[in-house]
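Dropping query02.txt in here (compact mmCIF, C-alpha atoms):
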# COMPACT_ATOMS: atom_id res chain seq x y z
CA MET K 1 8.62 42.10 11.28
CA ILE K 2 10.43 38.87 10.57
CA ASP K 3 10.85 37.86 6.98
CA PHE K 4 10.45 34.21 6.06
CA SER K 5 12.62 32.98 3.26
CA LEU K 6 11.68 29.93 1.24
CA TRP K 7 14.32 28.04 3.21
CA ASP K 8 12.67 29.05 6.50
CA ILE K 9 9.37 27.66 5.28
CA PHE K 10 11.05 24.46 4.16
CA ARG K 11 13.07 24.08 7.34
CA ASN K 12 10.02 24.46 9.58
CA LEU K 13 8.04 22.02 7.49
CA LEU K 14 10.90 19.53 7.64
CA LEU K 15 10.96 19.81 11.43
CA ALA K 16 7.22 19.14 11.54
CA ALA K 17 7.61 16.19 9.17
CA ARG K 18 9.28 14.30 12.03
CA TRP K 19 5.94 14.15 13.81
CA THR K 20 4.15 12.98 10.69
CA VAL K 21 6.69 10.18 10.34
CA LEU K 22 6.55 9.25 14.02
CA LEU K 23 2.75 9.21 14.12
CA SER K 24 2.68 7.12 10.93
CA LEU K 25 5.09 4.61 12.44
CA ILE K 26 3.13 4.34 15.68
CA ALA K 27 -0.12 3.83 13.79
CA PHE K 28 1.47 1.36 11.39
CA VAL K 29 3.20 -0.77 14.02
CA GLY K 30 0.31 -0.57 16.49
CA GLY K 31 -2.24 -1.19 13.76
CA GLY K 32 -0.16 -4.08 12.48
CA LEU K 33 -0.13 -5.77 15.89
CA VAL K 34 -3.86 -5.27 16.48
CA GLY K 35 -4.59 -6.31 12.90
CA LEU K 36 -2.52 -9.48 13.35
CA ALA K 37 -4.36 -10.35 16.56
CA LEU K 38 -7.70 -9.89 14.82
CA LEU K 39 -6.51 -11.99 11.89
CA VAL K 40 -5.43 -14.85 14.15
CA ALA K 41 -8.73 -14.67 16.03
CA ARG K 42 -10.50 -15.06 12.71
CA ILE K 43 -8.31 -17.90 11.47
CA ALA K 44 -8.54 -19.76 14.78
CA LYS K 45 -12.33 -19.54 14.37
CA LEU K 46 -12.84 -18.20 17.89
CA ARG K 47 -16.50 -18.05 18.72
CA GLY K 48 -18.04 -14.87 17.30
CA ALA K 49 -14.70 -13.63 15.97
CA GLU K 50 -15.78 -13.73 12.34
CA ALA K 51 -18.85 -11.55 12.91
CA LEU K 52 -17.11 -9.22 15.34
CA VAL K 53 -14.01 -8.64 13.23
CA GLY K 54 -16.18 -8.31 10.13
CA GLY K 55 -18.24 -5.63 11.85
CA TYR K 56 -15.10 -3.91 13.11
CA VAL K 57 -13.66 -3.77 9.59
CA GLN K 58 -16.92 -2.53 8.12
CA LEU K 59 -17.16 0.14 10.83
CA PHE K 60 -13.71 1.57 10.20
CA GLN K 61 -13.83 1.26 6.43
CA GLY K 62 -17.33 2.69 6.21
CA THR K 63 -16.86 5.85 8.25
CA PRO K 64 -14.64 8.89 7.66
CA LEU K 65 -11.27 8.85 9.42
CA LEU K 66 -12.00 12.43 10.44
CA MET K 67 -15.05 11.31 12.43
CA GLN K 68 -12.99 8.53 14.02
CA LEU K 69 -10.46 11.11 15.14
CA PHE K 70 -13.16 13.37 16.57
CA LEU K 71 -14.73 10.44 18.40
CA ALA K 72 -11.41 9.37 19.87
CA TYR K 73 -10.71 12.94 20.92
CA PHE K 74 -14.10 13.70 22.49
CA GLY K 75 -14.96 10.14 23.44
CA LEU K 76 -11.89 9.51 25.59
CA ALA K 77 -12.52 12.80 27.37
CA LEU K 78 -15.96 11.51 28.40
CA PHE K 79 -14.30 8.75 30.40
CA GLY K 80 -12.36 11.33 32.33
CA ILE K 81 -9.13 10.56 30.50
CA ASN K 82 -7.13 13.66 29.85
CA VAL K 83 -6.56 13.32 26.13
CA SER K 84 -3.87 15.12 24.29
CA PRO K 85 -4.18 15.28 20.50
CA TRP K 86 -1.22 12.87 20.53
CA VAL K 87 -3.11 10.11 22.31
CA ALA K 88 -6.34 10.62 20.37
CA ALA K 89 -4.56 10.67 17.00
CA ALA K 90 -2.41 7.64 17.81
CA LEU K 91 -5.40 5.67 19.05
CA ALA K 92 -7.72 6.52 16.15
CA LEU K 93 -5.06 5.92 13.50
CA THR K 94 -3.99 2.65 15.11
CA LEU K 95 -7.54 1.29 15.07
CA TYR K 96 -8.11 2.57 11.54
CA THR K 97 -4.88 0.95 10.34
CA SER K 98 -5.64 -2.33 12.11
CA ALA K 99 -9.02 -2.62 10.37
CA PHE K 100 -7.48 -2.20 6.92
CA LEU K 101 -4.43 -4.37 7.54
CA THR K 102 -6.43 -7.25 9.00
CA GLU K 103 -8.63 -7.24 5.90
CA ILE K 104 -5.66 -7.06 3.52
CA TRP K 105 -3.90 -9.91 5.31
CA ARG K 106 -7.01 -12.03 5.43
CA GLY K 107 -7.02 -11.91 1.65
CA CYS K 108 -3.36 -12.96 1.62
CA VAL K 109 -4.02 -15.94 3.89
CA ALA K 110 -6.98 -16.91 1.73
CA ALA K 111 -4.64 -16.83 -1.28
CA VAL K 112 -2.57 -19.68 0.16
CA ASP K 113 -3.52 -22.92 -1.50
CA LYS K 114 -6.02 -25.06 0.39
CA GLY K 115 -3.78 -28.09 -0.04
CA GLN K 116 -1.19 -26.45 2.19
CA TRP K 117 -3.68 -26.38 5.05
CA GLU K 118 -4.69 -29.98 4.43
CA ALA K 119 -1.13 -31.22 4.13
CA SER K 120 -0.02 -29.48 7.31
CA THR K 121 -3.08 -30.76 9.15
CA ALA K 122 -2.26 -34.26 7.94
CA LEU K 123 1.22 -33.85 9.43
CA ALA K 124 -0.49 -33.17 12.77
CA LEU K 125 0.86 -29.64 13.08
CA SER K 126 -0.98 -27.50 15.58
CA LEU K 127 -2.63 -24.29 14.40
CA SER K 128 0.24 -22.15 15.66
CA GLU K 129 2.77 -24.42 13.95
CA GLN K 130 0.78 -24.31 10.73
CA LEU K 131 0.67 -20.53 10.85
CA ARG K 132 4.32 -20.11 11.74
CA HIS K 133 5.91 -22.67 9.44
CA VAL K 134 3.52 -23.27 6.55
CA ILE K 135 0.84 -20.66 5.99
CA GLY K 136 2.57 -17.60 7.45
CA PRO K 137 5.66 -17.55 5.23
CA GLN K 138 3.61 -18.08 2.06
CA ALA K 139 1.00 -15.46 2.99
CA LEU K 140 3.73 -13.03 3.98
CA ARG K 141 5.23 -13.12 0.50
CA VAL K 142 1.92 -12.02 -1.01
CA ALA K 143 1.22 -9.57 1.81
CA VAL K 144 4.31 -7.39 1.56
CA PRO K 145 3.44 -5.25 -1.50
CA PRO K 146 -0.12 -4.25 -0.43
CA THR K 147 1.07 -3.68 3.15
CA VAL K 148 3.80 -1.33 1.99
CA GLY K 149 1.24 0.33 -0.26
CA PHE K 150 -1.08 0.84 2.68
CA LEU K 151 1.69 2.63 4.56
CA VAL K 152 1.15 5.46 2.08
CA GLN K 153 -2.52 5.62 3.11
CA VAL K 154 -1.46 5.81 6.76
CA ILE K 155 0.96 8.67 6.11
CA LYS K 156 -1.75 10.55 4.22
CA GLY K 157 -4.20 9.74 7.01
CA THR K 158 -2.01 11.42 9.61
CA ALA K 159 -2.68 14.73 7.84
CA LEU K 160 -6.17 14.63 9.34
CA ALA K 161 -4.71 14.66 12.86
CA SER K 162 -4.03 18.34 12.20
CA VAL K 163 -7.77 18.94 12.59
CA ILE K 164 -7.76 17.92 16.26
CA GLY K 165 -4.73 20.11 16.88
CA PHE K 166 -1.88 17.67 16.48
CA VAL K 167 1.05 19.64 15.10
CA GLU K 168 2.38 17.61 12.19
CA LEU K 169 3.11 18.63 8.60
CA THR K 170 -0.33 19.91 7.65
CA LYS K 171 -0.89 21.81 10.89
CA ALA K 172 2.59 23.29 10.63
CA GLY K 173 1.74 24.37 7.06
CA THR K 174 -1.37 26.16 8.30
CA MET K 175 0.56 27.84 11.10
CA ILE K 176 3.33 28.95 8.75
CA THR K 177 0.72 30.32 6.36
CA ASN K 178 -0.76 32.39 9.16
CA ALA K 179 2.65 33.80 9.93
CA THR K 180 3.85 34.44 6.38
CA PHE K 181 0.68 35.22 4.38
CA ARG K 182 2.13 33.17 1.52
CA PRO K 183 -0.45 30.39 1.26
CA PHE K 184 0.40 29.38 -2.29
CA THR K 185 4.09 28.81 -1.59
CA VAL K 186 3.50 27.13 1.75
CA TYR K 187 0.83 24.71 0.55
CA ALA K 188 2.84 23.90 -2.56
CA CYS K 189 5.86 23.09 -0.35
CA LEU K 190 3.60 21.08 1.94
CA ALA K 191 2.28 19.00 -0.95
CA LEU K 192 5.84 18.44 -2.19
CA MET K 193 6.88 17.30 1.26
CA TYR K 194 4.13 14.67 1.37
CA PHE K 195 4.99 13.64 -2.16
CA ALA K 196 8.64 13.20 -1.18
CA LEU K 197 7.54 11.00 1.73
CA CYS K 198 4.94 8.92 -0.10
CA PHE K 199 6.16 8.56 -3.66
CA PRO K 200 9.24 6.42 -2.89
CA ILE K 201 7.07 4.09 -0.80
CA SER K 202 4.45 3.84 -3.56
CA ALA K 203 7.17 3.12 -6.10
CA TRP K 204 8.71 0.51 -3.81
CA SER K 205 5.34 -1.18 -3.34
CA LYS K 206 4.87 -1.30 -7.10
CA THR K 207 8.34 -2.80 -7.61
CA LEU K 208 7.63 -5.46 -4.99
CA GLU K 209 4.37 -6.29 -6.69
CA ASN K 210 5.99 -6.62 -10.10
CA LYS K 211 8.66 -8.87 -8.62
CA LEU K 212 6.04 -11.05 -6.99
CA HIS K 213 4.10 -11.47 -10.21
CA GLY K 214 7.29 -12.03 -12.13
CA GLN K 215 7.97 -15.14 -10.07
CA HIS K 216 4.95 -17.00 -11.38
CA MET Z 217 -21.35 8.55 35.35
CA ILE Z 218 -21.61 9.51 31.74
CA ALA Z 219 -24.99 10.74 30.61
CA PHE Z 220 -25.61 10.72 26.90
CA ASP Z 221 -28.07 13.10 25.36
CA PHE Z 222 -28.73 12.07 21.82
CA ALA Z 223 -32.10 13.85 21.82
CA ALA Z 224 -30.29 17.19 21.94
CA VAL Z 225 -28.48 16.26 18.74
CA LEU Z 226 -31.42 14.71 16.95
CA ALA Z 227 -33.53 17.80 17.71
CA ASP Z 228 -31.33 19.55 15.15
CA TRP Z 229 -32.30 17.07 12.45
CA PRO Z 230 -32.99 19.71 9.79
CA LEU Z 231 -29.34 20.71 9.97
CA LEU Z 232 -28.24 17.11 9.69
CA ALA Z 233 -30.62 16.51 6.80
CA ARG Z 234 -29.24 19.50 4.92
CA GLY Z 235 -25.75 18.22 5.64
CA VAL Z 236 -26.61 14.82 4.20
CA GLY Z 237 -28.07 16.53 1.14
CA ALA Z 238 -24.89 18.52 0.60
CA THR Z 239 -22.67 15.46 1.10
CA LEU Z 240 -24.71 13.52 -1.44
CA ALA Z 241 -24.71 16.40 -3.90
CA LEU Z 242 -20.92 16.78 -3.60
CA THR Z 243 -20.52 13.04 -4.09
CA ALA Z 244 -22.89 12.82 -7.06
CA VAL Z 245 -21.17 15.64 -8.96
CA SER Z 246 -17.63 14.56 -8.16
CA ALA Z 247 -18.34 10.89 -8.86
CA SER Z 248 -19.74 11.52 -12.33
CA VAL Z 249 -17.19 14.15 -13.36
CA GLY Z 250 -14.35 12.37 -11.58
CA VAL Z 251 -14.96 9.02 -13.27
CA ALA Z 252 -15.24 10.78 -16.64
CA LEU Z 253 -11.93 12.53 -15.94
CA GLY Z 254 -10.45 9.19 -14.93
CA VAL Z 255 -11.54 7.58 -18.20
CA GLY Z 256 -10.04 10.49 -20.13
CA CYS Z 257 -6.76 10.20 -18.24
CA ALA Z 258 -6.67 6.44 -18.65
CA TRP Z 259 -7.06 6.88 -22.40
CA ALA Z 260 -4.38 9.56 -22.45
CA ARG Z 261 -1.93 7.35 -20.53
CA LEU Z 262 -2.43 4.50 -22.98
CA HIS Z 263 -2.85 6.25 -26.33
CA GLY Z 264 -1.72 9.86 -25.88
CA THR Z 265 1.38 11.52 -27.23
CA PRO Z 266 4.48 10.98 -25.05
CA TRP Z 267 4.16 14.51 -23.72
CA LEU Z 268 0.52 14.03 -22.74
CA LYS Z 269 1.36 10.69 -21.13
CA ALA Z 270 4.01 12.36 -19.00
CA VAL Z 271 1.70 15.17 -17.87
CA VAL Z 272 -1.14 12.82 -16.97
CA GLY Z 273 1.28 10.44 -15.26
CA ALA Z 274 2.63 13.30 -13.13
CA TYR Z 275 -0.90 14.39 -12.24
CA VAL Z 276 -1.90 10.88 -11.18
CA GLU Z 277 1.21 10.32 -9.06
CA LEU Z 278 1.05 13.77 -7.48
CA ILE Z 279 -2.56 13.32 -6.37
CA ARG Z 280 -2.15 9.72 -5.22
CA ASN Z 281 0.83 10.60 -3.06
CA THR Z 282 -0.54 13.65 -1.23
CA PRO Z 283 -3.35 13.79 1.35
CA PHE Z 284 -6.79 14.96 0.26
CA ILE Z 285 -6.86 17.62 2.96
CA VAL Z 286 -3.68 19.19 1.56
CA GLN Z 287 -5.17 19.19 -1.95
CA LEU Z 288 -8.27 20.86 -0.58
CA PHE Z 289 -6.32 23.46 1.41
CA PHE Z 290 -4.13 24.16 -1.58
CA LEU Z 291 -7.19 24.91 -3.73
CA PHE Z 292 -9.02 26.91 -1.07
CA PHE Z 293 -6.23 28.70 0.82
CA GLY Z 294 -3.34 28.43 -1.62
CA LEU Z 295 -4.86 29.56 -4.90
CA PRO Z 296 -6.03 32.97 -3.60
CA GLY Z 297 -2.31 33.67 -3.15
CA ILE Z 298 -2.07 33.87 -6.94
CA GLY Z 299 -5.43 35.60 -7.33
CA VAL Z 300 -7.77 32.65 -7.89
CA ARG Z 301 -10.60 32.66 -5.36
CA LEU Z 302 -12.98 29.73 -5.04
CA THR Z 303 -16.04 29.43 -2.84
CA PRO Z 304 -15.84 26.58 -0.29
CA GLU Z 305 -18.33 24.57 -2.36
CA TRP Z 306 -16.39 24.95 -5.60
CA ALA Z 307 -13.10 24.21 -3.93
CA SER Z 308 -14.62 21.05 -2.42
CA VAL Z 309 -16.10 19.83 -5.69
CA LEU Z 310 -12.91 20.58 -7.57
CA ALA Z 311 -10.73 18.84 -4.98
CA MET Z 312 -12.97 15.76 -5.00
CA VAL Z 313 -13.07 15.63 -8.80
CA VAL Z 314 -9.31 16.02 -9.11
CA ASN Z 315 -8.76 13.41 -6.41
CA LEU Z 316 -11.16 10.82 -7.77
CA GLY Z 317 -9.94 11.48 -11.32
CA ALA Z 318 -6.42 10.36 -10.44
CA TYR Z 319 -7.50 7.17 -8.68
CA ALA Z 320 -10.12 6.34 -11.30
CA ALA Z 321 -7.50 6.80 -14.02
CA GLU Z 322 -5.37 4.02 -12.55
CA ILE Z 323 -8.35 1.75 -11.94
CA VAL Z 324 -9.80 2.21 -15.45
CA ARG Z 325 -6.37 1.84 -17.03
CA ALA Z 326 -5.97 -1.53 -15.35
CA GLY Z 327 -9.34 -2.56 -16.81
CA ILE Z 328 -8.50 -1.36 -20.31
CA LYS Z 329 -5.13 -3.09 -20.37
CA THR Z 330 -6.72 -6.51 -20.00
CA THR Z 331 -8.84 -6.11 -23.15
CA PRO Z 332 -8.12 -9.08 -25.45
CA ARG Z 333 -6.30 -7.88 -28.58
CA GLY Z 334 -8.59 -9.87 -30.82
CA GLN Z 335 -11.58 -7.74 -29.85
CA ILE Z 336 -9.82 -4.55 -30.88
CA GLU Z 337 -8.65 -6.13 -34.15
CA ALA Z 338 -12.15 -7.40 -34.86
CA ALA Z 339 -13.62 -3.94 -34.21
CA ARG Z 340 -11.02 -2.32 -36.49
CA SER Z 341 -11.70 -4.79 -39.26
CA LEU Z 342 -15.36 -3.79 -39.05
CA ALA Z 343 -14.16 -0.29 -40.00
CA LEU Z 344 -14.95 1.32 -36.68
CA THR Z 345 -13.01 4.52 -36.02
CA GLU Z 346 -10.48 4.56 -33.18
CA LEU Z 347 -12.94 6.57 -31.05
CA GLN Z 348 -15.71 4.06 -31.71
CA VAL Z 349 -13.40 1.18 -30.87
CA PHE Z 350 -12.60 2.83 -27.55
CA THR Z 351 -16.09 3.91 -26.51
CA ARG Z 352 -18.04 0.90 -27.84
CA VAL Z 353 -15.69 -2.05 -27.66
CA VAL Z 354 -12.93 -1.39 -25.15
CA LEU Z 355 -14.50 0.81 -22.49
CA PRO Z 356 -17.78 -0.93 -21.49
CA PRO Z 357 -16.25 -4.32 -20.62
CA ALA Z 358 -13.27 -2.56 -19.03
CA LEU Z 359 -15.60 -0.59 -16.75
CA LYS Z 360 -17.48 -3.75 -15.98
CA ARG Z 361 -14.27 -5.49 -14.91
CA VAL Z 362 -13.15 -2.71 -12.59
CA TRP Z 363 -16.57 -1.57 -11.36
CA PRO Z 364 -16.14 -3.01 -7.83
CA ALA Z 365 -12.85 -1.10 -7.43
CA LEU Z 366 -14.42 2.09 -8.82
CA VAL Z 367 -17.37 1.76 -6.44
CA SER Z 368 -14.98 1.40 -3.50
CA GLN Z 369 -13.09 4.47 -4.61
CA ILE Z 370 -16.28 6.53 -4.94
CA VAL Z 371 -17.28 5.47 -1.41
CA ILE Z 372 -13.82 6.50 -0.17
CA VAL Z 373 -14.24 9.90 -1.83
CA MET Z 374 -17.69 10.28 -0.24
CA LEU Z 375 -16.22 9.55 3.18
CA GLY Z 376 -13.29 11.84 2.43
CA SER Z 377 -15.72 14.69 1.80
CA ALA Z 378 -16.06 14.95 5.59
CA VAL Z 379 -12.87 16.99 5.41
CA CYS Z 380 -14.62 19.61 3.26
CA GLY Z 381 -16.36 20.86 6.41
CA GLN Z 382 -12.97 22.19 7.48
CA ILE Z 383 -13.22 24.92 4.83
CA SER Z 384 -16.84 25.58 5.90
CA THR Z 385 -18.58 23.66 3.14
CA PRO Z 386 -21.93 22.98 4.81
CA GLU Z 387 -21.89 19.17 4.51
CA LEU Z 388 -22.59 16.49 7.10
CA SER Z 389 -19.47 16.79 9.28
CA TYR Z 390 -19.86 20.57 9.24
CA ALA Z 391 -23.44 20.16 10.47
CA ALA Z 392 -22.21 17.88 13.27
CA ASN Z 393 -19.61 20.46 14.21
CA LEU Z 394 -22.20 23.22 14.20
CA ILE Z 395 -24.54 21.21 16.41
CA GLN Z 396 -21.85 20.39 18.95
CA SER Z 397 -20.77 24.02 19.09
CA ARG Z 398 -24.35 24.95 20.03
CA ASN Z 399 -25.18 22.29 22.61
CA PHE Z 400 -21.69 21.10 23.66
CA ARG Z 401 -22.71 17.49 22.97
CA ALA Z 402 -19.59 16.78 20.93
CA PHE Z 403 -19.45 13.02 21.36
CA GLU Z 404 -23.14 12.48 20.61
CA SER Z 405 -23.00 14.78 17.57
CA PHE Z 406 -20.11 12.92 16.04
CA ILE Z 407 -21.58 9.52 16.89
CA VAL Z 408 -24.76 10.46 15.05
CA ALA Z 409 -22.82 11.86 12.08
CA THR Z 410 -20.60 8.75 11.98
CA ALA Z 411 -23.64 6.47 12.01
CA VAL Z 412 -25.16 8.46 9.16
CA TYR Z 413 -21.90 8.20 7.19
CA LEU Z 414 -21.86 4.44 7.72
CA ALA Z 415 -25.44 4.17 6.47
CA LEU Z 416 -24.60 6.40 3.49
CA ALA Z 417 -21.54 4.30 2.65
CA ILE Z 418 -23.54 1.07 2.68
CA ALA Z 419 -26.41 2.61 0.71
CA LEU Z 420 -24.09 4.21 -1.85
CA ARG Z 421 -22.26 0.93 -2.42
CA ARG Z 422 -25.56 -0.88 -2.99
CA LEU Z 423 -26.85 1.85 -5.28
CA LEU Z 424 -23.72 1.86 -7.44
CA ASN Z 425 -23.58 -1.92 -7.64
CA TRP Z 426 -27.18 -1.82 -8.82
CA ALA Z 427 -26.76 1.13 -11.19
CA GLY Z 428 -23.51 0.01 -12.84
CA PRO Z 429 -24.83 -2.80 -15.04
CA ARG Z 430 -27.98 -0.84 -15.86
CA PHE Z 431 -26.67 2.59 -16.74
CA VAL Z 432 -22.90 2.56 -17.07
CA PHE Z 433 -21.66 -0.44 -18.97
CA GLY Z 434 -24.68 -2.57 -19.88
CA ARG Z 435 -25.14 -6.16 -18.89

Reformat the file's structure so that it appears as structure tokens.
Amino acid sequence: MIDFSLWDIFRNLLLAARWTVLLSLIAFVGGGLVGLALLVARIAKLRGAEALVGGYVQLFQGTPLLMQLFLAYFGLALFGINVSPWVAAALALTLYTSAFLTEIWRGCVAAVDKGQWEASTALALSLSEQLRHVIGPQALRVAVPPTVGFLVQVIKGTALASVIGFVELTKAGTMITNATFRPFTVYACLALMYFALCFPISAWSKTLENKLHGQH
Amino acid sequence: MIAFDFAAVLADWPLLARGVGATLALTAVSASVGVALGVGCAWARLHGTPWLKAVVGAYVELIRNTPFIVQLFFLFFGLPGIGVRLTPEWASVLAMVVNLGAYAAEIVRAGIKTTPRGQIEAARSLALTELQVFTRVVLPPALKRVWPALVSQIVIVMLGSAVCGQISTPELSYAANLIQSRNFRAFESFIVATAVYLALAIALRRLLNWAGPRFVFGR
């Protein structure tokens, strides 16, 4: 019989937290890139982009992340792809993140004054020049606080990957509980761990937002 | 070649229907209690004693910065460790209420803070008590201002309830899991459940947008 001290519980959770952080980063960066592509498709007014991206956003915002994870897990297997929980979780969370980020950023682009578009068009800038030199920098300023805030949602979302067998914080917590029979302590530590990850980011997002509004 | 068999899933429609019923029941209870809790917390954060403000603030931040599934597991698996046993249904309702309460508190607080001072002064000069000022003058327009955000949050909580199946609460995702464990049509089961969730989310949003001005804050 091995005894688990509080430190053992904490240490094992800390080790598992690496995977939560890594999965969050993959989803955030991947989702950011996909979200940006979708945003540009919308702004460039590609044929059908508005309806397609709108539907995409509605689909991911209107269904549970848990179902998206299950579908990625069982759906990829249908196509004969050997899916590990890693791949399924990364894919589902990336798509989920992209849908939210593209919608957040669309709002930020819409917040840029219409005159900026007109002025840059009058200067004969191409769309990519407008986006890079005129609209992008202004939208970016508004976009940073909600984007940082959404990172918290992504981190919390990764907890659901435990359900398809991805060993991150939550799954590690369940496994440690099964080994120690101390559910109260383990789940309390688990919650604290997430809090320690998320709270600084939430606070940072709030600070950024206050700064932004202070400028006006 | 992939052959889909949705008929095998739809043949189990009574299970799905019961799942939808449970999901809606969970959502209805937690939405009404959760929003009420949120209003209470919003009031406490603005007008409470410093001690109360600190406690409510800690509650709000703790819930907003931890995943729902951890909150649920803590209530269902963690609490028995100190002798408190909850049924899956009670744990689910409690987790959803506690979760929505924290988010609703922040949303409602934002609405209350933008109340023009003159309205409160006018109400006070009409000799309304502080409670009357809050419930009759401050709260209804505040709720009206933040209703879209509250509706979104309630929809998020409804979708989040899919996790409650993990502690064997017999709601929609649990039904989908049960069906796929019987007929091995995992992908089809979850597609059907996901489609139902999407329909529920759209319907719930419409319903709340319709009900808000009529029953919650008046036009």

field: Who sits within 12 Å of K:Ser128, all atoms listed in the file, same chain under 6 positions skipped, as a ChimeraX atom specification
entry: /K:40-41,43-44,120-121,134-136

- request: Check the smallest atom-to-atom distance from each of Z:Ile418, Z:Leu302, Z:Leu423, Z:Ala339 to chain K using all atoms listed in the file, then report the winner.
  value: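 Once distances to chain K are computed over all atoms listed in the file, the minimum belongs to Z:Ile418.
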
statement: Shortest contact to chain K, candidates Z:Leu342, Z:Val255, Z:Leu388, Z:Ala224, atoms counted only C-alpha atoms, goes to Z:Leu388

Counting only C-alpha atoms, what are the residues of chain K within 6 Å of chain Z, and for each of them which pair of atoms is the nearest and at what distance in Å, to one decimal? Sort the table by chain and rising number, as CSV.
residue,atom,partner,partner_atom,distance
K:Gly62,CA,Z:Leu414,CA,5.1
K:Thr63,CA,Z:Leu414,CA,5.2
K:Pro64,CA,Z:Leu375,CA,4.8
K:Phe74,CA,Z:Phe403,CA,5.5
K:Gly75,CA,Z:Phe403,CA,5.7
K:Lys156,CA,Z:Pro283,CA,4.6
K:Pro183,CA,Z:Gly294,CA,4.5
K:Phe184,CA,Z:Gly294,CA,3.9
K:Tyr187,CA,Z:Phe290,CA,5.4
K:Tyr194,CA,Z:Thr282,CA,5.4
K:Phe195,CA,Z:Asn281,CA,5.2
K:Cys198,CA,Z:Asn281,CA,5.3
K:Phe199,CA,Z:Asn281,CA,5.7

Those residues you just picked out, can you put them in a file as a compact mmCIF listing (two decimals), in the coordinates of the input with C-alpha atoms?
# COMPACT_ATOMS: atom_id res chain seq x y z
CA GLY K 62 -17.33 2.69 6.21
CA THR K 63 -16.86 5.85 8.25
CA PRO K 64 -14.64 8.89 7.66
CA PHE K 74 -14.10 13.70 22.49
CA GLY K 75 -14.96 10.14 23.44
CA LYS K 156 -1.75 10.55 4.22
CA PRO K 183 -0.45 30.39 1.26
CA PHE K 184 0.40 29.38 -2.29
CA TYR K 187 0.83 24.71 0.55
CA TYR K 194 4.13 14.67 1.37
CA PHE K 195 4.99 13.64 -2.16
CA CYS K 198 4.94 8.92 -0.10
CA PHE K 199 6.16 8.56 -3.66

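You will find atom CA of K:Leu93 at 8.4 Å from atom CA of K:Gln68.
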
- prompt: By how many Å are atom CA of K:Pro137 and atom CA of K:Gly214 apart?
  reply: 18.3 Å
